[in-house]
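Engineer: For reference, the file protein-v3.tsv (TSV, C-alpha atoms) is included below:
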chain	number	residue	atom	x	y	z
A	1	MET	CA	14.91	-13.40	-5.00
A	2	ASN	CA	16.86	-10.92	-2.89
A	3	LEU	CA	14.76	-7.90	-1.99
A	4	LEU	CA	17.15	-6.19	0.37
A	5	VAL	CA	17.15	-2.50	-0.44
A	6	LYS	CA	20.93	-2.11	-0.43
A	7	ASP	CA	21.07	-4.06	-3.69
A	8	TYR	CA	18.98	-1.44	-5.47
A	9	LEU	CA	20.19	1.90	-4.11
A	10	PRO	CA	23.04	2.38	-6.65
A	11	THR	CA	20.73	1.66	-9.59
A	12	PHE	CA	18.08	4.15	-8.60
A	13	GLN	CA	20.56	6.91	-7.89
A	14	LYS	CA	21.29	6.77	-11.63
A	15	VAL	CA	17.70	6.96	-12.88
A	16	LYS	CA	17.46	9.74	-15.46
A	17	THR	CA	13.71	10.18	-15.77
A	18	PRO	CA	12.06	11.37	-12.55
A	19	LEU	CA	9.76	8.65	-11.26
A	20	VAL	CA	6.51	9.31	-9.42
A	21	ILE	CA	4.67	6.87	-7.18
A	22	VAL	CA	1.31	7.46	-5.51
A	23	ILE	CA	0.83	6.17	-1.98
A	24	ASP	CA	-2.79	6.01	-0.86
A	25	PRO	CA	-3.53	5.62	2.86
A	26	GLY	CA	-7.07	4.25	2.85
A	27	HIS	CA	-10.00	5.87	4.68
A	28	GLY	CA	-9.59	8.99	6.86
A	29	GLY	CA	-11.67	11.71	8.45
A	30	ASN	CA	-15.07	10.42	9.53
A	31	ASP	CA	-14.37	7.08	7.83
A	32	PRO	CA	-12.30	5.03	10.30
A	33	GLY	CA	-12.15	1.91	8.15
A	34	LYS	CA	-11.88	-1.28	10.17
A	35	VAL	CA	-11.88	-1.05	13.97
A	36	GLY	CA	-9.52	-3.47	15.67
A	37	VAL	CA	-10.25	-5.82	18.54
A	38	ASN	CA	-7.98	-3.45	20.48
A	39	ASP	CA	-10.00	-0.43	19.26
A	40	ALA	CA	-7.22	0.59	16.86
A	41	LEU	CA	-8.54	2.49	13.85
A	42	GLU	CA	-7.51	1.35	10.40
A	43	LYS	CA	-7.30	4.91	9.07
A	44	ASP	CA	-4.59	5.80	11.61
A	45	ILE	CA	-2.49	2.70	10.96
A	46	ASN	CA	-2.83	3.19	7.20
A	47	LEU	CA	-1.53	6.74	7.44
A	48	SER	CA	1.35	5.88	9.75
A	49	ILE	CA	2.62	3.07	7.51
A	50	ALA	CA	2.08	5.18	4.39
A	51	LEU	CA	4.14	8.09	5.73
A	52	LYS	CA	6.97	5.72	6.65
A	53	LEU	CA	6.75	4.18	3.19
A	54	LYS	CA	6.95	7.66	1.67
A	55	SER	CA	10.23	8.31	3.49
A	56	PHE	CA	11.76	5.03	2.30
A	57	ILE	CA	10.70	5.64	-1.30
A	58	GLU	CA	12.04	9.19	-1.31
A	59	MET	CA	15.40	7.88	-0.10
A	60	GLN	CA	15.58	6.11	-3.46
A	61	GLY	CA	15.29	9.43	-5.30
A	62	ILE	CA	11.71	8.67	-6.34
A	63	SER	CA	9.00	11.32	-5.99
A	64	VAL	CA	5.91	10.46	-3.96
A	65	VAL	CA	2.39	11.83	-4.24
A	66	MET	CA	0.21	11.13	-1.20
A	67	THR	CA	-3.57	11.03	-1.49
A	68	ARG	CA	-3.64	12.29	2.10
A	69	GLU	CA	-1.08	13.18	4.75
A	70	THR	CA	-3.53	14.10	7.51
A	71	ASP	CA	-6.63	12.58	9.07
A	72	ASP	CA	-8.94	13.83	6.34
A	73	ALA	CA	-11.20	12.21	3.78
A	74	LEU	CA	-11.19	13.35	0.15
A	75	TYR	CA	-14.92	13.61	-0.54
A	76	GLU	CA	-16.45	16.83	-1.81
A	77	GLU	CA	-18.42	18.87	0.69
A	78	GLY	CA	-22.12	18.25	0.21
A	79	ALA	CA	-21.62	14.94	-1.57
A	80	SER	CA	-24.63	12.69	-1.07
A	81	ASN	CA	-22.45	9.57	-1.20
A	82	LYS	CA	-19.29	10.50	0.67
A	83	LYS	CA	-17.65	7.09	0.23
A	84	LYS	CA	-18.08	7.19	-3.54
A	85	SER	CA	-16.94	10.81	-3.72
A	86	ASP	CA	-13.85	9.97	-1.68
A	87	LEU	CA	-12.88	7.05	-3.93
A	88	GLN	CA	-13.48	9.11	-7.06
A	89	ALA	CA	-11.19	11.84	-5.73
A	90	ARG	CA	-8.45	9.30	-5.01
A	91	VAL	CA	-8.73	7.83	-8.50
A	92	ARG	CA	-8.66	11.28	-10.08
A	93	LEU	CA	-5.56	12.26	-8.12
A	94	CYS	CA	-3.81	9.03	-9.10
A	95	ASN	CA	-4.65	9.37	-12.79
A	96	GLU	CA	-3.53	13.00	-12.91
A	97	SER	CA	-0.23	12.45	-11.10
A	98	ASP	CA	1.86	10.93	-13.93
A	99	ALA	CA	2.67	8.10	-11.52
A	100	ILE	CA	4.28	4.88	-12.69
A	101	LEU	CA	2.36	2.88	-10.07
A	102	VAL	CA	-0.01	3.22	-7.11
A	103	VAL	CA	0.12	1.48	-3.75
A	104	SER	CA	-2.92	1.71	-1.48
A	105	ILE	CA	-2.39	0.86	2.20
A	106	HIS	CA	-5.16	-0.89	4.13
A	107	GLN	CA	-5.81	-3.28	7.03
A	108	ASN	CA	-7.94	-6.40	6.91
A	109	SER	CA	-10.55	-7.91	9.21
A	110	TYR	CA	-12.59	-11.11	9.42
A	111	GLN	CA	-15.37	-12.62	11.50
A	112	THR	CA	-13.06	-15.10	13.20
A	113	GLU	CA	-9.94	-14.09	15.10
A	114	ASN	CA	-7.61	-16.77	13.78
A	115	CYS	CA	-7.10	-15.12	10.36
A	116	LYS	CA	-3.81	-13.23	10.08
A	117	GLY	CA	-1.13	-12.24	7.61
A	118	ALA	CA	-0.52	-9.48	5.07
A	119	GLN	CA	-1.89	-9.97	1.56
A	120	VAL	CA	-1.56	-7.94	-1.64
A	121	PHE	CA	-4.41	-7.50	-4.14
A	122	TYR	CA	-4.13	-6.55	-7.81
A	123	TYR	CA	-6.57	-5.97	-10.67
A	124	ASP	CA	-7.78	-9.08	-12.46
A	125	GLY	CA	-6.03	-9.33	-15.83
A	126	SER	CA	-3.26	-6.82	-15.08
A	127	THR	CA	0.06	-8.54	-15.72
A	128	ALA	CA	2.04	-5.61	-14.36
A	129	GLY	CA	-0.21	-5.35	-11.32
A	130	LYS	CA	0.25	-9.05	-10.62
A	131	GLU	CA	4.03	-8.70	-10.88
A	132	LEU	CA	4.08	-5.68	-8.56
A	133	ALA	CA	1.88	-7.52	-6.06
A	134	SER	CA	4.15	-10.55	-6.20
A	135	TYR	CA	7.29	-8.55	-5.44
A	136	ILE	CA	5.65	-6.80	-2.50
A	137	GLN	CA	4.16	-10.01	-1.08
A	138	GLN	CA	7.51	-11.80	-1.29
A	139	SER	CA	9.26	-8.86	0.34
A	140	ILE	CA	6.79	-8.88	3.24
A	141	VAL	CA	7.46	-12.58	3.79
A	142	LEU	CA	11.23	-11.98	3.62
A	143	ASN	CA	11.41	-8.85	5.75
A	144	VAL	CA	8.43	-9.09	8.14
A	145	ASP	CA	6.85	-12.52	8.54
A	146	GLY	CA	8.47	-15.65	7.20
A	147	LYS	CA	5.47	-17.71	8.32
A	148	ASN	CA	3.03	-15.82	6.11
A	149	LYS	CA	1.67	-18.33	3.59
A	150	ARG	CA	-0.83	-16.01	1.91
A	151	ASP	CA	-0.70	-15.60	-1.86
A	152	ILE	CA	-1.38	-12.47	-3.87
A	153	LYS	CA	-5.01	-12.22	-4.91
A	154	GLU	CA	-6.67	-10.86	-8.05
A	155	ASN	CA	-9.82	-8.77	-7.82
A	156	GLY	CA	-12.06	-7.43	-10.56
A	157	SER	CA	-14.43	-5.29	-8.51
A	158	TYR	CA	-12.43	-2.94	-6.26
A	159	PHE	CA	-12.99	0.59	-7.56
A	160	LEU	CA	-9.38	1.73	-7.17
A	161	LEU	CA	-8.00	-1.29	-8.97
A	162	LYS	CA	-10.49	-0.93	-11.83
A	163	GLU	CA	-10.30	2.79	-12.44
A	164	ILE	CA	-6.62	3.72	-12.06
A	165	GLY	CA	-4.73	3.58	-15.34
A	166	VAL	CA	-1.35	2.36	-14.05
A	167	PRO	CA	-0.36	-0.78	-12.12
A	168	THR	CA	-2.12	-0.53	-8.77
A	169	VAL	CA	-2.09	-2.77	-5.72
A	170	ILE	CA	-3.86	-2.77	-2.39
A	171	VAL	CA	-1.66	-3.94	0.47
A	172	GLU	CA	-3.69	-5.35	3.35
A	173	CYS	CA	-0.96	-5.21	6.00
A	174	GLY	CA	-2.67	-7.51	8.49
A	175	PHE	CA	-5.87	-8.39	10.33
A	176	LEU	CA	-7.19	-6.00	12.96
A	177	SER	CA	-9.55	-8.80	14.01
A	178	ASN	CA	-6.58	-10.82	15.28
A	179	GLN	CA	-5.38	-9.84	18.77
A	180	GLU	CA	-1.70	-10.51	18.13
A	181	GLU	CA	-1.60	-8.83	14.73
A	182	ALA	CA	-3.70	-5.85	15.82
A	183	ALA	CA	-1.17	-5.14	18.57
A	184	LEU	CA	1.71	-5.43	16.11
A	185	LEU	CA	0.05	-3.12	13.60
A	186	GLU	CA	-0.16	-0.39	16.25
A	187	ASN	CA	3.54	-0.80	17.06
A	188	GLU	CA	5.74	1.81	15.38
A	189	THR	CA	8.70	-0.54	14.95
A	190	TYR	CA	6.48	-3.10	13.24
A	191	GLN	CA	4.95	-0.39	11.06
A	192	THR	CA	8.45	0.64	9.99
A	193	LYS	CA	9.32	-2.97	9.11
A	194	MET	CA	6.14	-3.24	7.04
A	195	ALA	CA	6.83	0.04	5.25
A	196	TYR	CA	10.40	-1.04	4.54
A	197	ALA	CA	9.19	-4.36	3.11
A	198	ILE	CA	6.61	-2.71	0.85
A	199	HIS	CA	9.21	-0.24	-0.40
A	200	ALA	CA	11.76	-3.01	-1.06
A	201	GLY	CA	9.15	-4.85	-3.12
A	202	ILE	CA	8.40	-1.71	-5.12
A	203	VAL	CA	12.08	-1.11	-5.80
A	204	ALA	CA	12.59	-4.73	-6.87
A	205	TYR	CA	9.64	-4.40	-9.27
A	206	LEU	CA	11.06	-1.20	-10.76
A	207	GLU	CA	14.47	-2.79	-11.10
A	208	ASN	CA	12.92	-5.74	-12.90
A	209	ILE	CA	11.10	-3.58	-15.48
A	210	GLN	CA	14.35	-1.63	-16.05
A	211	VAL	CA	13.02	1.89	-15.66
A	212	GLU	CA	15.34	4.41	-17.29
Represent the structure of the file as C-alpha cells.
Structural biologist:
Amino acid sequence: MNLLVKDYLPTFQKVKTPLVIVIDPGHGGNDPGKVGVNDALEKDINLSIALKLKSFIEMQGISVVMTRETDDALYEEGASNKKKSDLQARVRLCNESDAILVVSIHQNSYQTENCKGAQVFYYDGSTAGKELASYIQQSIVLNVDGKNKRDIKENGSYFLLKEIGVPTVIVECGFLSNQEEAALLENETYQTKMAYAIHAGIVAYLENIQVE
C-alpha cells in the first residue's frame, strides 16, 4: 500500500462535496495528560502535532474543525467533574460538526521504560473505524518508524470512541515514559513527520471509500 500524499492530491482537488474532519488534541488547560520522563507535557505535544496535522489536511482542500487550538480545556465553568465535562464537550462538538471522521491525538505512557511505538485505537465493532486506524497505523510505519511492530487495537470503553457517531480513532503517537521517544516527541521535525503520516493515512482511507 502506497500512502505517499502525492498520489492523492489530484483526487482530492476534485472532490465536489466539502469534507469536514475533526482533529482533537487531547487534554489541555489544567489537565496536562501524561508527563514525560523528560518533563514534557502530553497536552503540549498533542496540540503541536494536531496543528501540524490541520495544516496538512487543509492542503488537501478538506475543512478541519479543532476541538481546541490553545492551551485550554473544554469543561464548563463550575462543573463538579471537569474531566467528564471536558469529554462531553468534545463529543458534542464532534457530533455537531458534520464531520466525516474524527482523529484524537494523544501520547502514551507505561510503568516500564522499554515500551515504545505509536499505536492507533478504534471502537470495538466499528468496521470503518478499524479501516481508518489501519491506514493511519500503516502510514506511521511507512513514514515515521519502520521498526514499529504495534498493531491497531480495538477498545469498547473509551468515551470518545463510544459516543461519537462517525468513524473515530485515537492516535497514541508514542510513549512519554520512554527516554528516546519522549525526546523525539518534543522535536518539531519529528512532530511534523508524525502529522504528515497521520494525514497520509487519513487521505488513503478517504480515497479507499471513494468520497465524492
Engineer: Taking all atoms of range 197-210 of chain A that the file lists and extending 4 Å past them on each side, where is the centre of the axis-aligned box and how long are its edges? Answer in Å to one decimal, as JSON.
Structural biologist:
{"center_x": 10.5, "center_y": -3.0, "center_z": -6.5, "size_x": 15.9, "size_y": 13.5, "size_z": 27.2}
Engineer: When you draw a straight line from CA of Ala197 in chain A to CA of Ser139 in chain A, how long is it in Å?
Structural biologist: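 Between CA of Ala197 in chain A and CA of Ser139 in chain A the gap is 5.3 Å.
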Engineer: Quick one: everything within 7 Å of Lys153 in chain A, counting all atoms listed in the file, minus sequence neighbours fewer than 3 positions away in the same chain. Send it as an MDAnalysis selection string.
Structural biologist: chainID A and resid 120:122
Engineer: For Ala50 in chain A, which of A:Gln107, A:Ser177, A:Asn143, A:Ser157 is the closest residue, counting all atoms listed in the file?
Structural biologist: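 Looking at the shortest contact to Ala50 in chain A, the residue is A:Gln107.
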Engineer: Just give me the gap between CA of Glu69 in chain A and CA of Glu180 in chain A in Å, one decimal is fine.
Structural biologist: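 Between these atoms lies a distance of 27.2 Å.
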Engineer: May I ask which of the residues A:Glu181, A:Asp39, A:Asp31, A:Glu96 is the closest one to Lys82 in chain A, counting all atoms listed in the file?
Structural biologist: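 Selected residue with least distance to Lys82 in chain A: A:Asp31.
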Engineer: Can you measure CA of Glu172 in chain A to CA of Ser104 in chain A for me? One decimal in Å is fine.
Structural biologist: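 Between CA of Glu172 in chain A and CA of Ser104 in chain A the gap works out to 8.6 Å.
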Engineer: Measuring atom to atom with only C-alpha atoms, identify which of A:Ala99, A:Val91, A:Ala40, A:Leu176 is nearest to Gly117 in chain A.
Structural biologist: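 Looking only at the distances to Gly117 in chain A, the closest residue turns out to be A:Leu176.
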Engineer: Taking (12.2, 8.6, 0.1) in the file's own coordinates, collect the residues within 12 Å, counting all atoms listed in the file, and hand them back as a list in words.
Structural biologist: Leu9, Phe12, Gln13, Leu19, Val20, Ile21, Ile23, Ala50, Leu51, Lys52, Leu53, Lys54, Ser55, Phe56, Ile57, Glu58, Met59, Gln60, Gly61, Ile62, Ser63, Val64, Val65, Ala195, Tyr196, His199, Ala200 and Val203 of chain A
Engineer: Save the residues we just selected, C-alpha atoms, as a compact mmCIF listing (two decimals), in the coordinates of the input?
Structural biologist:
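Ended up saving to selection_19.txt:
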# COMPACT_ATOMS: atom_id res chain seq x y z
CA LEU A 9 20.19 1.90 -4.11
CA PHE A 12 18.08 4.15 -8.60
CA GLN A 13 20.56 6.91 -7.89
CA LEU A 19 9.76 8.65 -11.26
CA VAL A 20 6.51 9.31 -9.42
CA ILE A 21 4.67 6.87 -7.18
CA ILE A 23 0.83 6.17 -1.98
CA ALA A 50 2.08 5.18 4.39
CA LEU A 51 4.14 8.09 5.73
CA LYS A 52 6.97 5.72 6.65
CA LEU A 53 6.75 4.18 3.19
CA LYS A 54 6.95 7.66 1.67
CA SER A 55 10.23 8.31 3.49
CA PHE A 56 11.76 5.03 2.30
CA ILE A 57 10.70 5.64 -1.30
CA GLU A 58 12.04 9.19 -1.31
CA MET A 59 15.40 7.88 -0.10
CA GLN A 60 15.58 6.11 -3.46
CA GLY A 61 15.29 9.43 -5.30
CA ILE A 62 11.71 8.67 -6.34
CA SER A 63 9.00 11.32 -5.99
CA VAL A 64 5.91 10.46 -3.96
CA VAL A 65 2.39 11.83 -4.24
CA ALA A 195 6.83 0.04 5.25
CA TYR A 196 10.40 -1.04 4.54
CA HIS A 199 9.21 -0.24 -0.40
CA ALA A 200 11.76 -3.01 -1.06
CA VAL A 203 12.08 -1.11 -5.80
Engineer: Select, from A:Met194, A:Ala133, A:Val35, A:Ile164, the residue with the minimum atom-to-atom distance to Ile152 in chain A, counting all atoms listed in the file.
Structural biologist: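 Residue with the minimum atom-to-atom distance to Ile152 in chain A: A:Ala133.
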Engineer: Around (-8.2, -1.0, -12.1) in the file's own coordinates, what residues are found within 12 Å if you use only C-alpha atoms, given back as JSON, numbers by chain?
Structural biologist: {"A": [91, 94, 95, 101, 102, 121, 122, 123, 124, 125, 126, 127, 128, 129, 130, 154, 155, 156, 157, 158, 159, 160, 161, 162, 163, 164, 165, 166, 167, 168, 169, 170]}
Engineer: When you count all atoms listed in the file, which of these residues is closest to His106 in chain A: A:Ile136, A:Leu87, A:Ile45, A:Ala204?
Structural biologist: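 Closest to His106 in chain A, using all atoms listed in the file: A:Ile45.
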Engineer: Using all atoms listed in the file, pick whichever of A:Asn30, A:Gln119, A:Gln137, A:Gln191 has the shortest atom-to-atom distance to Gly174 in chain A.
Structural biologist: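 Closest residue, counting all atoms listed in the file: A:Gln119.
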Engineer: When you look at Asp72 in chain A with a cut-off of 8 Å (counting only C-alpha atoms), what residues show up, excluding the ones that are within fewer than 4 positions of it in the same chain? I need them as a list in words.
Structural biologist: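 After dropping sequence-adjacent residues, the list is Gly28, Gly29, Asn30 and Arg68 of chain A.
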Engineer: For range 41-64 of chain A, where the input has fewer atoms than it should, I would like N, CA and C atoms rebuilt and written as a CSV table (one decimal), keeping the file's coordinate frame.
Structural biologist:
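Saved the output as rebuild-v8.csv:
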chain,number,residue,atom,x,y,z
A,41,LEU,N,-7.8,2.1,15.1
A,41,LEU,CA,-8.5,2.5,13.8
A,41,LEU,C,-7.7,2.3,12.6
A,42,GLU,N,-8.3,1.6,11.6
A,42,GLU,CA,-7.5,1.4,10.4
A,42,GLU,C,-7.0,2.6,9.8
A,43,LYS,N,-7.7,3.7,9.7
A,43,LYS,CA,-7.3,4.9,9.1
A,43,LYS,C,-6.0,5.4,9.6
A,44,ASP,N,-5.8,5.3,11.0
A,44,ASP,CA,-4.6,5.8,11.6
A,44,ASP,C,-3.4,4.9,11.3
A,45,ILE,N,-3.6,3.6,11.3
A,45,ILE,CA,-2.5,2.7,11.0
A,45,ILE,C,-2.1,2.9,9.5
A,46,ASN,N,-3.1,3.0,8.6
A,46,ASN,CA,-2.8,3.2,7.2
A,46,ASN,C,-1.9,4.4,7.0
A,47,LEU,N,-2.3,5.5,7.6
A,47,LEU,CA,-1.5,6.7,7.4
A,47,LEU,C,-0.1,6.6,8.0
A,48,SER,N,0.0,6.0,9.1
A,48,SER,CA,1.4,5.9,9.8
A,48,SER,C,2.3,5.0,8.9
A,49,ILE,N,1.8,3.9,8.4
A,49,ILE,CA,2.6,3.1,7.5
A,49,ILE,C,2.9,3.8,6.2
A,50,ALA,N,1.9,4.5,5.7
A,50,ALA,CA,2.1,5.2,4.4
A,50,ALA,C,3.1,6.3,4.5
A,51,LEU,N,3.1,7.0,5.6
A,51,LEU,CA,4.1,8.1,5.7
A,51,LEU,C,5.6,7.5,5.9
A,52,LYS,N,5.7,6.4,6.6
A,52,LYS,CA,7.0,5.7,6.6
A,52,LYS,C,7.4,5.2,5.3
A,53,LEU,N,6.5,4.6,4.5
A,53,LEU,CA,6.8,4.2,3.2
A,53,LEU,C,7.2,5.3,2.3
A,54,LYS,N,6.6,6.5,2.4
A,54,LYS,CA,7.0,7.7,1.7
A,54,LYS,C,8.4,8.0,1.9
A,55,SER,N,8.8,8.0,3.2
A,55,SER,CA,10.2,8.3,3.5
A,55,SER,C,11.2,7.3,2.9
A,56,PHE,N,10.9,6.0,2.9
A,56,PHE,CA,11.8,5.0,2.3
A,56,PHE,C,11.9,5.2,0.8
A,57,ILE,N,10.7,5.5,0.2
A,57,ILE,CA,10.7,5.6,-1.3
A,57,ILE,C,11.5,6.9,-1.7
A,58,GLU,N,11.3,8.0,-1.0
A,58,GLU,CA,12.0,9.2,-1.3
A,58,GLU,C,13.5,9.0,-1.1
A,59,MET,N,14.0,8.2,-0.2
A,59,MET,CA,15.4,7.9,-0.1
A,59,MET,C,16.0,7.3,-1.4
A,60,GLN,N,15.1,6.7,-2.2
A,60,GLN,CA,15.6,6.1,-3.5
A,60,GLN,C,15.6,7.1,-4.6
A,61,GLY,N,15.3,8.4,-4.3
A,61,GLY,CA,15.3,9.4,-5.3
A,61,GLY,C,14.0,9.4,-6.1
A,62,ILE,N,13.0,8.8,-5.6
A,62,ILE,CA,11.7,8.7,-6.3
A,62,ILE,C,10.7,9.6,-5.7
A,63,SER,N,10.0,10.4,-6.5
A,63,SER,CA,9.0,11.3,-6.0
A,63,SER,C,7.7,10.6,-5.6
A,64,VAL,N,7.1,11.1,-4.5
A,64,VAL,CA,5.9,10.5,-4.0
A,64,VAL,C,4.8,11.5,-3.9
